[in-house]
Amino acid sequence: MQSYPNHWEADVVLTDGGTAHLRPITADDGDLLRAFHSRLSPETIYYRFFAPYPKLSARDVDRFTNVDYESRVALIATISDVMVAVVRYDKVAEDEAEVAFVVEDGHQGRGLASVLLEHIAAAATERGVSRFIADVLPENRRMINVFREAGYTAQQSFDEGVIRLTLDLEPTHDAEEVMRAREQRAESRSIARLLFPASVAVIGASRTAHTIGQSVLRNLLDGDFKGPVYPVHPTAKAVAGVRAYTGILDVPDTVDLAVVAVRADMVVDVVEECAQKGVHGLVVVSSGFGEAGPEGRERQDELVRTARAAGMRVIGPNCLGIANTDPGISLNATLAPYVPPRGPIGFFSQSGALGRAILQSVAGRGMGLSTFVSAGNRADVSGNDLVQYWQEDPATKVVLQYLESLGNPRKFTRLARRLAKQKPVVAVRSGGSSQGVPSGHAAGALSLPDYAVTSLFEQAGVVRVEDITQMFDVAQLFAYQPLPSGPRVGIVGNSDSLGLLVKDASVRQGLRPREPVALGPNATAEDFDEALTAVLADDSVDALVVVFIPALTPISDDVAEVMRAKAAAADKPIVTTYLGYQGLPAELRQIGEGGETAAGSVPSYPAPEDAVRALAYATRYSLWRNRESGRHPELADIDGARARSIVDRALGKRDEEQRAEDRTIWFTSEPVQNEESAADRETAYELLSCYGIDAVPYVPVSTEQEAVRAAEELGYPVVVKANAPDLRLRAGGTGIRADLRSATDVSGAFTALDDRLGADADLVVQPMVVPGVPTVVRAGENPSFGSVVGFGLADVTAELLDDRAFRLAPLTDTDAADLVHAVRAAPLLFGLPAGATSLAEQPDVEALQETLVRVSRLVDAFPEVAHIELDPVIVNSAGAHVLGARVWLREPPDRRMDSGPRRLRNITF
């Protein structure tokens with residue numbers, strides 16, 4: 001029997017936060033189908049079959065379960081191995097199919113129909129179907145709404161009492177937006193179910209002090225959790241003074257959240273019992289999983305597979321736990337004995353080991369948290385899920401993330417950019433800044449230096465800081481002060497030296513400081529009041545730094561009160577340095593009801609440089625948030641269908657097993673000696689031309705006669721140059737002879753270069769391009785961020801200084817302009833080149849920016865394009881001219897997590 005593609009199987013989150021498993025139906029599902037049909041109400045059956053159909057015949061079951069996964073496809077949804085929904089299509093024409101689905105009554109309204117429609121549409125598109133037809137009874141409004149709200153282009157007709165809906169499956173912006181909105185709501189609710197449990201069971205609660213199980217239990221109890229807590233212990237009648245149960249199934253009441261603290265080899269059995277109990281979510285603090293090697297990884301996959309199949313999300317394993325400071329729940333399901341008070345900060349950490357230190361740091365600074373999640377191995381719930389939750393959580397105003405990896409980089413940048421438009425996102429990312437370096441002729445991932453990682457975070461709106469200390473420096477400003485509207489900084493203080501330190505630090509951070517207002521060492525509260533009032537009222541000031549040395553004038557409540565009052569009323573941020581005091585002076589904090597730090601708190605830093613750095617981070621974020629993000633310009637001459645044909649032809653049509661093997665094809669514009677490689681070079685140029693990138697042609701030559709003949713074919717003037725990767729020298733080098741206008745010139749240039757460079761020179765003849773600014777464009781896949789575009793000037797100095805800039809693909813017009821301006825040598829592109837006499841000869845930077853946009857579209861659309869190098873790209877007054885190009889193709893990375901229908905991160909099914 002024909003098998004189905006593995007990627008048609010997926011775990012999905014439903015609108016109420018539960019999960020279900022989707023897979024194609026098989027011939028072995030007859031009993032599941034009969035049981036499913038027997039549970040349907042007469043009304044649901046009537047809506048599906050347009051007639052009473054109380055029982056499926058053997059022939060029906062055989063027809064429904066035996067499909068060819070080509071012209072007939074059916075997907076089913078299961079929860080705890082029970083079938084709860086089915087969708088199917090049957091082709092009625094080459095590109096058209098009838099579609100129908102049915103959802104069990106008890107599971108209707110959970111979003112099963114919409115997510116099944118997404119997945120069946122994706123499967124149909126793979127099989128060449130471009131249009132769905134659905135016949136629906138007029139009274140079946142729920143079904144009609146599913147089709148209408150899907151976002152596809154739809155048409156409707158009415159005939160003989162039946163509504164016929166026709167859906168065009170061509171992807172539309174509306175369909176993608178609908179899918180993303182549903183994804184956000186579903187994933188947000190799945191996290192809310194974990195953070196707001198009505199009851200908690202601790203499985204593995206221990207009577208032994210300082211064990212994991214007892215620590216979690218005591219922290220739940222000491223944290224004043226508002227719901228019942230159920231210790232689970234195989235023999236004890238009570239743990240920590242609370243009645244215990246021998247197993248989760250023995251707990252008489254419902255359990256929303258289970259904290260699992262048993263040996264790793266026991267966890268899956270516990271999860272199965274939790275599934276039987278109807279538990280909504282799991283926090284697995286046990287270790288011995290993915291971090292412990294291949295066997296642990298298999299155990300971890302089984303844990304997640306079992307939990308998701310039963311509708312549960314999993315935090316962990318090997319995690320510190322979760323906390324929610326909402327006074328209505330007071331949840332501390334962590335290994336940390338103390339959780340900071342209520343506050344506006346949501347915190348996600350991959351590291352459990354750092355968790356306790358992080359929570360103590362927050363409390364020590366007088367800051368408060370809304371929620372805290374330590375996800376450990378992130379087998380299921382990841383930072384992306386928390387981003388979805390915090391986007392709509394009114395209690396969270398600032399999001400902090402400690403990241404060791406990004407998991408799904410394309411989804412992370414998409415979600416982070418959307419969240420950052422509403423709330424600041426501050427991240428510490430450890431674990432190395434560069435992964436995957438191309439070597440030799442093999443295609444590899446685009447390597448990124450650390451500064452590039454920071455710029456890519458900033459492009460997505462994420463404030464990337466260097467360490468935990470800086471994270472909290474920035475967080476306390478974001479949490480308790482307004483955003484600065486610009487980079488102009490006012491400075492007020494009672495120390496001339498401190499004022500100058502602030503000014504110098506501001507300049508280094510790219511801010512624009514005003515002259516410091518020096519009040520003198522004996523300044524009083526009234527002096528500060530007057531100075532602060534004047535500076536805050538100054539329209540040329542966007543933010544204020546206050547410096548104070550209490551050693552000269554003992555700190556008084558009056559000065560602190562002036563500062564706090566000004567901060568509470570100001571629409572500009574105020575930060576301060578109290579030299580000699582650590583942390584936030586109590587006089588500058590005011591704690592409101594419920595432990596939440598009140599408005600008017602003034603962030604205080606131990607050194608002026610710390611205060612200015614935090615302010616600089618906030619300023620850059622504010623400017624990013626308020627700027628226009630640009631648009632994706634309409635580009636002519638893009639032929640995606642032809643590009644697809646070229647890529648598929650190059651990689652070869654193979655079955656799925658063969659395509660899973662890693663295979664790299666190197667396309668190059670460099671001269672080669674055999675026909676097969678020459679064809680590869682032509683294919684590379686053809687692929688680039690599909691996206692409107694027309695490289696300047698050239699002809700490889702090996703003799704004087706060939707060089708002269710090539711020059712005459714191409715037309716004078718021409719250049720003769722060395723084109724091998726290790727010998728190619730850019731404009732001004734000795735590996736090129738330019739402005740050759742006769743056969744004699746060409747013959748002499750060829751002879752000179754051939755004598756000096758030898759047989760390995762790989763000489764070529766190419767039409768002469770008017771001199772300009774040589775640049776280099778690189779693009780490809782980076783494992784941490786997805787598709788990235790890099791840019792720099794193509795000269796030795798730029799390479800030695802690593803003067804390159806990077807942006808995420810696809811680029812908007814604003815991104816492309818930023819990319820060009822980001823390199824330190826950018827002024828060379830905006831002035832007159834040597835010898836120029838008028839602005840008409842200024843380099844056409846707009847043409848360069850369009851080339852960058854086109855390259856970004858190519859690598860974004862085709863994950864098979866592992867790496868592109870356009871080197872050099874000469875930018876002159878006539879445009880941007882690609883003189884050399886190399887392209888590598890390989891089997892593509894899996895992008896279904898972000899470009900296909902909604903699904904949770906893949907595990908082995």
# chains A, B, ... in the order shown; residues from 1 in each chain; ligands from 1
>>> residues_around(residues="region 168-171 of chain A", least_positions_apart="3", cutoff="9 Å", atoms="only C-alpha atoms", output="list in words")
Ala121, Ala122, Ala124, Thr125, Val129, Ser130, Arg131, Phe132, Gly151, Tyr152, Thr153, Ala154, Gln155, Asp174, Ala175 and Glu176 of chain A
>>> write_last_selection(atoms="all heavy atoms", output="compact mmCIF listing (two decimals), in the first residue's frame")
# COMPACT_ATOMS: atom_id res chain seq x y z
N ALA A 121 -5.43 21.50 3.01
CA ALA A 121 -5.12 22.41 1.90
C ALA A 121 -3.64 22.32 1.52
O ALA A 121 -3.30 22.34 0.33
CB ALA A 121 -5.49 23.84 2.28
N ALA A 122 -2.76 22.22 2.53
CA ALA A 122 -1.33 22.08 2.24
C ALA A 122 -1.05 20.77 1.51
O ALA A 122 -0.27 20.74 0.55
CB ALA A 122 -0.54 22.16 3.54
N ALA A 124 -3.17 19.07 -0.32
CA ALA A 124 -3.75 19.17 -1.66
C ALA A 124 -2.86 19.97 -2.59
O ALA A 124 -2.67 19.60 -3.76
CB ALA A 124 -5.14 19.80 -1.56
N THR A 125 -2.29 21.06 -2.08
CA THR A 125 -1.41 21.89 -2.90
C THR A 125 -0.21 21.09 -3.37
O THR A 125 0.23 21.20 -4.51
CB THR A 125 -0.97 23.13 -2.11
OG1 THR A 125 -2.13 23.89 -1.73
CG2 THR A 125 -0.05 24.01 -2.95
N VAL A 129 -3.51 20.28 -6.44
CA VAL A 129 -4.86 20.81 -6.32
C VAL A 129 -4.77 22.30 -6.00
O VAL A 129 -4.07 22.69 -5.06
CB VAL A 129 -5.66 20.07 -5.23
CG1 VAL A 129 -7.04 20.71 -5.04
CG2 VAL A 129 -5.82 18.60 -5.61
N SER A 130 -5.48 23.11 -6.74
CA SER A 130 -5.44 24.56 -6.50
C SER A 130 -6.79 25.11 -6.07
O SER A 130 -6.89 26.30 -5.76
CB SER A 130 -4.99 25.29 -7.77
OG SER A 130 -5.88 25.04 -8.85
N ARG A 131 -7.81 24.26 -6.03
CA ARG A 131 -9.14 24.76 -5.70
C ARG A 131 -9.93 23.68 -4.98
O ARG A 131 -9.92 22.51 -5.36
CB ARG A 131 -9.86 25.19 -6.98
CG ARG A 131 -11.20 25.88 -6.77
CD ARG A 131 -11.67 26.57 -8.05
NE ARG A 131 -11.67 25.67 -9.20
CZ ARG A 131 -10.77 25.70 -10.19
NH1 ARG A 131 -9.80 26.61 -10.17
NH2 ARG A 131 -10.83 24.86 -11.21
N PHE A 132 -10.62 24.07 -3.90
CA PHE A 132 -11.52 23.19 -3.17
C PHE A 132 -12.97 23.57 -3.47
O PHE A 132 -13.30 24.76 -3.61
CB PHE A 132 -11.31 23.31 -1.65
CG PHE A 132 -10.24 22.41 -1.10
CD1 PHE A 132 -9.72 22.66 0.18
CD2 PHE A 132 -9.77 21.31 -1.80
CE1 PHE A 132 -8.75 21.84 0.72
CE2 PHE A 132 -8.78 20.49 -1.27
CZ PHE A 132 -8.27 20.75 -0.01
N GLY A 151 -9.73 32.74 5.12
CA GLY A 151 -8.86 33.73 4.50
C GLY A 151 -8.58 33.46 3.04
O GLY A 151 -7.97 34.30 2.37
N TYR A 152 -8.99 32.29 2.53
CA TYR A 152 -8.79 32.01 1.11
C TYR A 152 -9.79 32.83 0.28
O TYR A 152 -10.86 33.20 0.76
CB TYR A 152 -9.00 30.52 0.81
CG TYR A 152 -8.07 29.60 1.56
CD1 TYR A 152 -8.55 28.75 2.55
CD2 TYR A 152 -6.71 29.57 1.26
CE1 TYR A 152 -7.71 27.90 3.23
CE2 TYR A 152 -5.86 28.71 1.95
CZ TYR A 152 -6.36 27.88 2.93
OH TYR A 152 -5.51 27.04 3.61
N THR A 153 -9.44 33.05 -0.98
CA THR A 153 -10.38 33.68 -1.90
C THR A 153 -11.52 32.70 -2.15
O THR A 153 -11.29 31.56 -2.55
CB THR A 153 -9.68 34.03 -3.22
OG1 THR A 153 -8.58 34.90 -2.95
CG2 THR A 153 -10.64 34.71 -4.18
N ALA A 154 -12.76 33.13 -1.89
CA ALA A 154 -13.89 32.20 -1.94
C ALA A 154 -15.02 32.77 -2.78
O ALA A 154 -15.22 33.99 -2.85
CB ALA A 154 -14.39 31.90 -0.53
N GLN A 155 -15.77 31.87 -3.39
CA GLN A 155 -16.98 32.21 -4.12
C GLN A 155 -18.11 31.33 -3.61
O GLN A 155 -17.88 30.22 -3.11
CB GLN A 155 -16.80 32.00 -5.63
CG GLN A 155 -15.74 32.89 -6.24
CD GLN A 155 -15.53 32.60 -7.72
OE1 GLN A 155 -16.05 31.62 -8.25
NE2 GLN A 155 -14.79 33.46 -8.38
N ASP A 174 -4.34 37.47 3.48
CA ASP A 174 -5.42 37.30 4.46
C ASP A 174 -5.37 35.90 5.08
O ASP A 174 -5.56 35.75 6.29
CB ASP A 174 -6.78 37.53 3.80
CG ASP A 174 -7.03 39.00 3.50
OD1 ASP A 174 -6.30 39.84 4.05
OD2 ASP A 174 -7.94 39.29 2.71
N ALA A 175 -5.15 34.87 4.25
CA ALA A 175 -5.11 33.50 4.77
C ALA A 175 -3.96 33.34 5.76
O ALA A 175 -4.11 32.70 6.80
CB ALA A 175 -4.97 32.51 3.62
N GLU A 176 -2.81 33.92 5.43
CA GLU A 176 -1.67 33.82 6.34
C GLU A 176 -1.93 34.57 7.64
O GLU A 176 -1.61 34.07 8.73
CB GLU A 176 -0.41 34.37 5.67
CG GLU A 176 0.83 34.25 6.54
CD GLU A 176 2.09 34.66 5.81
OE1 GLU A 176 2.09 34.71 4.56
OE2 GLU A 176 3.08 34.95 6.50
>>> select_by_dssp(residues="region 746-856 of chain A", states="alpha helix (DSSP H)", output="PyMOL selection string")
chain A and resi 746-757+796-800+813-822+845-856
>>> write_last_selection(atoms="C-alpha atoms", output="compact mmCIF listing (two decimals), in the first residue's frame")
# COMPACT_ATOMS: atom_id res chain seq x y z
CA VAL A 746 43.96 42.19 -25.28
CA SER A 747 46.83 40.04 -26.53
CA GLY A 748 49.36 41.94 -24.45
CA ALA A 749 47.20 41.85 -21.31
CA PHE A 750 46.62 38.11 -21.65
CA THR A 751 50.32 37.38 -22.11
CA ALA A 752 51.32 39.52 -19.12
CA LEU A 753 48.80 37.95 -16.76
CA ASP A 754 49.43 34.40 -18.00
CA ASP A 755 53.20 34.76 -17.58
CA ARG A 756 52.87 36.19 -14.08
CA LEU A 757 50.03 34.08 -12.65
CA VAL A 796 41.31 44.39 1.28
CA THR A 797 40.84 47.03 3.99
CA ALA A 798 37.16 46.23 4.44
CA GLU A 799 37.93 42.52 4.67
CA LEU A 800 40.73 43.03 7.20
CA ASP A 813 13.29 49.01 1.27
CA THR A 814 14.16 50.48 4.68
CA ASP A 815 16.16 47.38 5.62
CA ALA A 816 18.15 47.59 2.39
CA ALA A 817 18.97 51.26 2.98
CA ASP A 818 19.98 50.51 6.57
CA LEU A 819 22.21 47.67 5.39
CA VAL A 820 24.13 49.92 3.02
CA HIS A 821 24.52 52.68 5.62
CA ALA A 822 25.56 50.23 8.37
CA VAL A 845 22.97 53.48 -4.45
CA GLU A 846 19.29 52.87 -5.15
CA ALA A 847 20.25 50.27 -7.75
CA LEU A 848 22.50 48.60 -5.18
CA GLN A 849 19.66 48.55 -2.66
CA GLU A 850 17.36 46.96 -5.22
CA THR A 851 19.96 44.26 -5.85
CA LEU A 852 20.05 43.56 -2.11
CA VAL A 853 16.26 43.29 -2.01
CA ARG A 854 16.26 40.89 -4.97
CA VAL A 855 18.92 38.66 -3.44
CA SER A 856 16.98 38.60 -0.18
>>> residues_around(residues="Val545 (chain A)", least_positions_apart="2", cutoff="6 Å", atoms="only C-alpha atoms", output="CSV table (one decimal) with N, CA and C atoms, in the first residue's frame")
chain,number,residue,atom,x,y,z
A,491,ILE,N,21.6,66.4,31.6
A,491,ILE,CA,22.4,65.9,32.7
A,491,ILE,C,22.4,66.9,33.8
A,574,ILE,N,13.8,59.2,33.5
A,574,ILE,CA,14.9,59.7,34.4
A,574,ILE,C,15.6,58.5,34.9
A,575,VAL,N,16.9,58.5,34.8
A,575,VAL,CA,17.8,57.5,35.5
A,575,VAL,C,18.8,58.3,36.4
A,576,THR,N,19.3,57.5,37.3
A,576,THR,CA,20.1,58.2,38.3
A,576,THR,C,21.3,57.3,38.7
>>> select_by_dssp(residues="region 121-346 of chain A", states="strand (DSSP E or B)", output="ChimeraX atom specification")
/A:131-136,153-159,162-168,200-203,229-232,238-239,242-243,245,257-260,281-284,313-315,321-324,331-334,342-346
>>> write_last_selection(atoms="C-alpha atoms", output="CSV table (one decimal), in the first residue's frame")
chain,number,residue,atom,x,y,z
A,131,ARG,CA,-9.1,24.8,-5.7
A,132,PHE,CA,-11.5,23.2,-3.2
A,133,ILE,CA,-15.3,22.8,-3.6
A,134,ALA,CA,-17.5,22.3,-0.6
A,135,ASP,CA,-21.2,21.6,-0.5
A,136,VAL,CA,-22.9,22.8,2.7
A,153,THR,CA,-10.4,33.7,-1.9
A,154,ALA,CA,-13.9,32.2,-1.9
A,155,GLN,CA,-17.0,32.2,-4.1
A,156,GLN,CA,-20.5,31.1,-3.2
A,157,SER,CA,-23.5,29.8,-5.1
A,158,PHE,CA,-26.8,28.3,-4.2
A,159,ASP,CA,-28.5,25.4,-6.0
A,162,VAL,CA,-27.3,23.5,-1.0
A,163,ILE,CA,-24.6,26.2,-0.7
A,164,ARG,CA,-21.6,25.5,-2.9
A,165,LEU,CA,-18.4,27.2,-1.7
A,166,THR,CA,-15.4,27.4,-4.0
A,167,LEU,CA,-12.0,28.1,-2.3
A,168,ASP,CA,-8.9,29.2,-4.2
A,200,VAL,CA,-1.7,21.2,41.3
A,201,ALA,CA,-0.4,17.8,42.0
A,202,VAL,CA,3.3,17.1,42.9
A,203,ILE,CA,4.2,13.7,41.7
A,229,VAL,CA,-2.2,21.0,46.3
A,230,TYR,CA,-2.0,17.2,46.1
A,231,PRO,CA,1.2,15.4,47.0
A,232,VAL,CA,1.7,12.0,45.3
A,238,ALA,CA,1.0,12.8,54.3
A,239,VAL,CA,3.9,15.0,53.0
A,242,VAL,CA,-0.7,17.6,53.5
A,243,ARG,CA,-2.6,14.4,52.8
A,245,TYR,CA,-2.1,10.0,47.5
A,257,LEU,CA,-1.3,20.9,36.6
A,258,ALA,CA,1.1,18.1,37.5
A,259,VAL,CA,4.7,18.8,38.6
A,260,VAL,CA,6.7,15.7,37.9
A,281,GLY,CA,-0.3,20.4,31.6
A,282,LEU,CA,3.0,19.1,33.0
A,283,VAL,CA,6.1,20.7,34.6
A,284,VAL,CA,8.8,18.1,34.5
A,313,ARG,CA,1.7,20.8,27.0
A,314,VAL,CA,5.0,20.1,28.7
A,315,ILE,CA,7.4,22.5,30.4
A,321,GLY,CA,9.6,25.3,37.0
A,322,ILE,CA,7.1,28.1,36.6
A,323,ALA,CA,5.7,31.0,38.7
A,324,ASN,CA,2.8,33.4,38.5
A,331,LEU,CA,1.8,30.0,42.0
A,332,ASN,CA,5.4,29.1,42.8
A,333,ALA,CA,5.9,25.7,41.2
A,334,THR,CA,9.7,26.1,41.1
A,342,ARG,CA,4.1,41.3,41.6
A,343,GLY,CA,5.5,43.4,38.8
A,344,PRO,CA,5.3,44.1,35.1
A,345,ILE,CA,8.1,41.8,33.9
A,346,GLY,CA,7.7,38.4,32.2
>>> atom_distance(atom1="CA of Phe196 (chain A)", atom2="CA of Leu221 (chain A)")
15.8 Å
>>> residues_around(residues="Tyr617 (chain A)", least_positions_apart="2", cutoff="9 Å", atoms="only C-alpha atoms", output="ChimeraX atom specification")
/A:463-465,474,509,612-615,619-622
>>> residues_around(residues="region 28-37 of chain A", least_positions_apart="6", cutoff="7 Å", atoms="only C-alpha atoms", output="PyMOL selection string")
chain A and resi 56+61+65+82-84
>>> closest_residue(among="A:Gly884, A:Pro573, A:Gly18, A:Gly355", to="Val373 (chain A)", atoms="only C-alpha atoms")
A:Gly355
